[in-house]
Each structure stands twice: as structure tokens, then as C-alpha cells.
There are 2 protein chains.
Amino acid sequence: MTAQELSGVFCEELIRQELDDTTALFPIPEQIRSFYKMYRPSPLVRAYCLEEKLQTPAKIYYKFEGNNTSGSHKLNSAIAQAYYAKMQGLKGVTTETGAGQWGTALSMACAYLGLDCKVYMVKVSYEQKPFRREVMRTYCASVTPSPSMETAVGRKILAEHPGTTGSLGCAISEAVEVATSTPGYRYVLGSVLNQVLLHQSVIGLEAKAALDKYGIQADVIIGCAGGGSNLGGLIAPFMGQKLRGEADYRIIAVEPSSCPSFTRGKYAYDFCDTGMVCPLAKMYTLGSGFIPAPNHAGGLRYHGMSSTLSQLYHDGLMEAVSVKQTDVFQAAEYFARVEGILPAPESAHAIKVAMDEAIRCRETGEAKTIVFGLTGTGYFDMVAYEKFHDGKMQDYTPSDAELQASLERLPNVNG
Amino acid sequence: MTAQELSGVFCEELIRQELDDTTALFPIPEQIRSFYKMYRPSPLVRAYCLEEKLQTPAKIYYKFEGNNTSGSHKLNSAIAQAYYAKMQGLKGVTTETGAGQWGTALSMACAYLGLDCKVYMVKVSYEQKPFRREVMRTYCASVTPSPSMETAVGRKILAEHPGTTGSLGCAISEAVEVATSTPGYRYVLGSVLNQVLLHQSVIGLEAKAALDKYGIQADVIIGCAGGGSNLGGLIAPFMGQKLRGEADYRIIAVEPSSCPSFTRGKYAYDFCDTGMVCPLAKMYTLGSGFIPAPNHAGGLRYHGMSSTLSQLYHDGLMEAVSVKQTDVFQAAEYFARVEGILPAPESAHAIKVAMDEAIRCRETGEAKTIVFGLTGTGYFDMVAYEKFHDGKMQDYTPSDAELQASLERLPNVNG
């Protein structure tokens, strides 16, 4: 794709960032820095209580991104994207949201800058998570359950599937249609893209500055991976060192066993969206038609993966593991009780693997330094916690046959 | 009441703190300090964006207590009370909760110390706020909708009023009954008491340390007041200076017009609970039989007020204002959009008056320094925000006749 081809959908500066593969560092504009002051730097916390409880010689640190109203790291990119839209003189932006973290973050950023924000929220989430919707409304966003009668694609889907509760793929299609057909509007996306990883690199830059300040050398860096923006942001400066041969780190991506793009997917060209309207990207994918099981970590239910992270994984520079949902919630509950913070289900994937590593250190006696990304809080995920408490939570793992069938439908450019 | 008389209900050390009127400073035990490290010091934030938006010469600071999973300042006292219970060798504690902030905070503290926690949650809240309940369960607490069949008083109430949705007064009675009849258990309370104000003074001590560090002199200090623990804690060191003639401050308590204990109540001896089983306290009260209208700031729906604050107000050392619910939510929404934080309805009472003061400064040209307490976040209050967005929120102000009728039923010790 060329910048020209993308300019109807995305903001100009964001396209420049997306396609630029030579510039190593982009300055953060003053107004974005000013916004960051409201909640950044985010704390890098030594998990003393967790270490003591696990009786591990390991030192555990987490970079906590939940101390802002959007409840996650998503705000880091939302403010950047909204800022560039505003600078271009646009009137507003459109987006889709599933679980609601991205929609909330974008609403906050747009309210701050005085930009219109139209969010298409998957209908089932809109109905099941009315509180998320109200937070977005508090931040001036218009929130429409998708599919809706507002768009041609929405009307078409509703005619074909009356009573459907929607999907992320459909919400993306509606948001893109409105952005491209309304003067002064563009579409923004909360993960996967290079530009989003770039914005999220503030997480890693801060984490590294804090570690350097205290002369701490990380051994293992762990993050959950859905579209990859949090993990990509966290590891950015560390991976830079690793690529330049200045330091070595084990870097581990954690994904749900229900949506195992890294561990069981294929490195191939695929559509980024279910509706197959977006450009192809080379990435680890389960196939754009793969429908992940209803895992409660909505932010990790994505068939593909950031191209950047995919390349790094393909080149053997990072590892990946998949974990079961019930194990994740057990770790989440354990962590909440000893460290006080109630983690989002997505974040708890990283907690689970960090705890596993720390327990391994107890067995081997190694005093490794483990750093993991705690991307957000779980205040809006209590339905999932309730299921876990009541013993009603299931684990999901797609069968080989199911994955095979999905991967057979990859676009034929892969030959 | 003597320490002996109180010892069946409260922990020994807490009774000592409650009745001690000579010791100025109590050391904070090491284990409590260690717990505080997880979320303290809480930030004292300069509200640059709010100042700019209001075009005021005033400097506005807020002490933000919402950056912990309980979502409010309640955790400061919860950990102290749980700690002293643990030190006494108790097995567990009981309490009541309405909106759920106190119950959540106590659950977190008990989970950390390995203490049983039994929470009686007003039935209507238990049913309407299932997420609050699940957070408490995540932190190991047993949560019982009140009135319940577990206690004699609960069974009596259910027999007399089948189908009742409960009240705070009833939940207190159940919690006290269980504490006094179960070996190894005591009852704990989240506000009103001297001991709770003492624990909450960490808010004010930190705020003063931060202001002193930057050589900032506050002119006005503002806090919301329900039972008074947050305001009492915030103003503690400043009021000390004021009493010793070292500095002068305007100190303003903000209460809802629906429950105006300071501004329309009587300074008299009254019961602390609706069930009239607790000792009498001299305080500003609307009468223990006063049922506040269903204002959404559940934490401010209390008929009485901390005795300490009542004395200070009676002596003319602080002011009080009452504000309407819809004005409070308008301020809350405005604040959220410019400062990013979604405030709890209780906290928004202080925001409303801080904004009013800042706007007055714009008119007079005075560059006053305003400090207010932002006690917590509103993630579990989105039903209230929704009503506000939909224009369905009402204001409540009790009539003179209603207040008069309630105050006529004060215990006759007042002569």
C-alpha cells in the first residue's frame, strides 16, 4: 500500500509513521507530553509481596499501566492518534471497540482535544457492558451498537442476519465506512499497526530508564500479546539492545490457548480484519475467518499479530507460550490478594507466566530479574471473575482440524 | 463508654486509639507502612488542565486517593484496623457495607494479612452492584446480603418485613451480632470514629509534606463529608497549625443537599446507627431515624458526622456547604473530560466546590491556592452517570418539616 492509497482511511502523519522503516526515534509532540503528565510516568513496581509469598529468589518487577481512567495502556496511543487527527484539522475520528478499553481511551483523548469520537461497539458488548458505554459517553463519545442501521454495511448485515449480536469485524467495517464517507473524519485503530507500537514504546522507554536509574539488569521480559501493541511497546528499547548485541534478554509473549496465533498460527500474508476490507499484512495468523472462543480476555481475541512482533518471533528473537484461561484467573486472583491490584484478564496472562518463571527460580535457586507488563485493571471484568469464583469458567483450545480448516482459507498470495 | 465496655465489639488497640485524647502522634507500625508502599504516597496533582479550562488565576491541587483497587481512601484505615485485629490474635472481623467501597477495602486488607472477613452488604446493593460483591470475593471475603437468616436480628427483621431490601442500620446490627457472638471476631467500622480519622491523617500528612517540599501555601482546603473520615484525615495537620496559630486556612466541608448534617442538622447527642444499638456521640446529626433520599453518593448518606469534625465546626474553625446532586455530576463530568480521572460521586462534591472557588478567583483576580481531596474513582457508579447523561437524575432536599420531625426524636439526654 502507498501513503496515497491509505490517506482516505488514516491521518497523514500516522501513515508516515506507519510506512517509515528508517527513522529510529520520533519526537513526542509537546501537547502529547503534556497529556502524558496526567498519568505518566507509570510506576515500575517491585513485587515484594509476591516474591515473599512465592518464596522465590527472583526479583519481580511490573510496569503498571492501569492508573488512568481508561484502565489500560491504550491511552498512550489514543492521545497520539487523536493529536495527529486534530493537527490535520480533522473534525473527528471513528473506531470500533469490543471489550471497551480502546473505545474508552480514545474517548478520553478526543474529549481532551475537542475532537468528535464515534465508536462502533460490538452489540453484545454494548448490551453486556453498559458501564463501559457510559464511561465513553462521559467522555463525549457517541457510542453505537454494531451492526447498526447507520451504515450501508450495517444495514446489509442486519438484513442478512436479523438479530445478530455483531462482531469486531463488522464494527470495523462500519467505522471505516463512516470515516471514509464523512468529510473531515478518519479511522483509527488501537493495536497491531506499526504506529501503535511506536506510541506504546513509551512503556518500554520508561521501564528501561527506571531500571537503568537503579542499575538493574532484567533477565526475562514478559508481556501478553493480542494485537501486540503492549508487548511491542514494552520490549522496544530492550529489543534494540538485543539486536545491537549490547545486552541479552529472554522475551516471552503470552497468548491464550484459545487464540494461539504465535504458537499454533502460520507466518503468512493475511487480512487484518474479518471483513477482509483491510490491506494484507505478513504476520502470524490463525486465518482472518478464525472465530476465537469466548475467552474473557477480549483484548487477546485477535486472529493475527503485529507484523513487527511476528518478524522478531520468526527470527528467533523472542519466545511465545500459550496459557489456559482458568490458570490465568487463578494467577490473577493470587496476584490481587498479595499485590493489591485487580488485574485485567489480558494482563493476567503475563502474571501467570511471570509467576511460573519465579517458581522455577525457587527450584533452581537462580535470582533472576523478571519484568512484566501489567497492562490494566479488571474493574469492568467482574462477570468473568464471578464465573471463575463459581467454578463455571471453561477452557478453550481449538482442535488441529479447526485451525487447519481456517488456515486453508488464507489468501492465495501465499502461494 | 469505657474501654472495658467496648472490648467485646472493637479490638483493644483500636479502643485505645479511640479513647485517647492526649497523644498527638501515633507511630505507624512497620507492616502497615509496608502495605502503604503498594499505593502510597498517593499523588498530589496540580490540576493544570482544569485551571486552563476555567481560565482562573487560582492554583488547584488535588490529593488523589483512587489509585488502589478498593478505589478510595478507605484502604488507609482498613489495613490499620485489620492489622490491629491480627496483632490481637483474632481470627476475623465483621463489617457492613452499603455502596461497597469500605467492604472492598477491608477485604483487600484481610486478604493481605490472612484474616477472615465477613461483610454484610445491604441487600439492594448486593443485587444492584454484583461487581462490587465479586471484587470482595476475589479478596476472599464472605459477602452476605442483609438482612439474612444467619443472625437473630436478621431473622427478626425478615419475619417482620418479608421482602425488605435492607438498610445500613440493619447490616450494622447483623455485623455487630456476629462479631460479639463468635469467638475470635470483632467488628470494624469505616468512618465516623476517632480511630478512623487518625488512620486517614496519612492523607493530610502526605499532602502537607508535598506542599512544604515545593514551598506552596494552601489558602483553601476542601473535602466531601459523609461520616467525615476523608475530610478529617486531609485537614488533620493543617487544622493543627490553625489551632496553634501557625497558619490560617479556610477549610470547607461539602455535603449533599439531600443529607445536610452540618448545614441543617443539630449539634446534639445521638445514636451513631439507625438500629440504636451503638453508643451515643455528640455530633451534628439529622436524627438517627432520618432516611436520606436515594442520592447516588452512597458514602455521604449518613445522618450524623464525626464528633471531632463536629466540634471543629461548632467552634467556627471550618465551614460547610451543601450542593445539589445534578450540579455535582455536572462538575464530575467536566472534571473527567479535562483532567482524565473519572471521579466517584462522593469525591465530585469536593470538585464542585473547588471549581466554584476557582471561578470566584477568576472574577476577583485572586491567585488563591486551592487543595481538595479526590477520594476515589467512579468505576462502579456508572448507573448514576447513565441517569445523569439521560437527564433522569433528580435533586433531593428534605423539607424543614421533615428535618424537624426527625430531630424531635433525638434521645432525650439532650434535655
# chains A, B, ... in the order shown; residues from 1 in each chain; ligands from 1

$ interface_residues --of "chain A" --to "chain B" --cutoff "9 Å" --atoms "only C-alpha atoms" --output "ChimeraX atom specification"
/A:35,38-39,45,47,49,66-70,108-109,111-112,130-132,134-135,137-140,333-334,336-342,377,379-383,385-386,389

$ residues_around --residues "Val124 (chain B)" --least-positions-apart "4" --cutoff "10 Å" --atoms "only C-alpha atoms" --output "NGL selection string"
:B and (98-99 or 128-129 or 145-146 or 164-167)

$ select_by_dssp --residues "region 169-369 of chain B" --states "strand (DSSP E or B)" --output "PyMOL selection string"
chain B and resi 185-187+220-224+250-256+266-271+280-285+319-323+343+369

$ residues_around --residues "Glu357 (chain B)" --least-positions-apart "3" --cutoff "9 Å" --atoms "only C-alpha atoms" --output "list in words"
Ala58, Val220, Lys352, Val353, Ala354, Arg360, Cys361, Arg362, Lys368 and Ile370 of chain B

$ write_last_selection --atoms "N, CA and C atoms" --output "PDB file, in the first residue's frame"
ATOM      1  N   ALA B  58      -6.378  30.976  39.969  1.00  0.00           N
ATOM      2  CA  ALA B  58      -6.193  30.089  41.128  1.00  0.00           C
ATOM      3  C   ALA B  58      -5.310  28.906  40.750  1.00  0.00           C
ATOM      4  N   VAL B 220      -7.166  27.506  50.707  1.00  0.00           N
ATOM      5  CA  VAL B 220      -8.461  26.859  50.935  1.00  0.00           C
ATOM      6  C   VAL B 220      -8.277  25.350  50.844  1.00  0.00           C
ATOM      7  N   LYS B 352     -16.870  20.059  42.831  1.00  0.00           N
ATOM      8  CA  LYS B 352     -17.866  21.109  42.563  1.00  0.00           C
ATOM      9  C   LYS B 352     -17.493  22.397  43.316  1.00  0.00           C
ATOM     10  N   VAL B 353     -17.184  22.270  44.585  1.00  0.00           N
ATOM     11  CA  VAL B 353     -16.910  23.476  45.382  1.00  0.00           C
ATOM     12  C   VAL B 353     -15.532  24.045  45.055  1.00  0.00           C
ATOM     13  N   ALA B 354     -14.565  23.171  44.738  1.00  0.00           N
ATOM     14  CA  ALA B 354     -13.245  23.665  44.318  1.00  0.00           C
ATOM     15  C   ALA B 354     -13.386  24.464  43.019  1.00  0.00           C
ATOM     16  N   ARG B 360     -14.674  31.908  41.255  1.00  0.00           N
ATOM     17  CA  ARG B 360     -14.716  33.156  42.032  1.00  0.00           C
ATOM     18  C   ARG B 360     -13.370  33.888  41.908  1.00  0.00           C
ATOM     19  N   CYS B 361     -12.283  33.119  41.915  1.00  0.00           N
ATOM     20  CA  CYS B 361     -10.956  33.728  41.757  1.00  0.00           C
ATOM     21  C   CYS B 361     -10.816  34.392  40.386  1.00  0.00           C
ATOM     22  N   ARG B 362     -11.421  33.780  39.382  1.00  0.00           N
ATOM     23  CA  ARG B 362     -11.378  34.383  38.045  1.00  0.00           C
ATOM     24  C   ARG B 362     -12.062  35.753  38.079  1.00  0.00           C
ATOM     25  N   LYS B 368      -5.546  32.408  44.408  1.00  0.00           N
ATOM     26  CA  LYS B 368      -5.557  31.542  45.596  1.00  0.00           C
ATOM     27  C   LYS B 368      -5.063  30.130  45.293  1.00  0.00           C
ATOM     28  N   ILE B 370      -5.848  26.384  46.019  1.00  0.00           N
ATOM     29  CA  ILE B 370      -6.962  25.533  46.473  1.00  0.00           C
ATOM     30  C   ILE B 370      -6.492  24.080  46.490  1.00  0.00           C
TER      31      ILE B 370
END

$ residues_around --residues "Lys242 (chain A)" --least-positions-apart "4" --cutoff "12 Å" --atoms "only C-alpha atoms" --output "list in words"
Asp219, Ile235, Ala236, Pro237, Phe238, Glu246, Ala247, Asp248, Tyr249, Arg250, Ile251, Leu312, Gly316, Leu317 and Met318 of chain A

$ residues_around --residues "Phe290 (chain B)" --least-positions-apart "3" --cutoff "8 Å" --atoms "only C-alpha atoms" --output "list in words"
Leu286, Gly287, His303, Leu403 and Ser406 of chain B

$ closest_residue --among "B:Val321, B:Ala367, B:Val178, B:Ala268" --to "His349 (chain B)" --atoms "only C-alpha atoms"
B:Val321

$ residues_around --residues "Cys224 (chain A)" --least-positions-apart "3" --cutoff "6 Å" --atoms "only C-alpha atoms" --output "PyMOL selection string"
chain A and resi 253-255+349-350
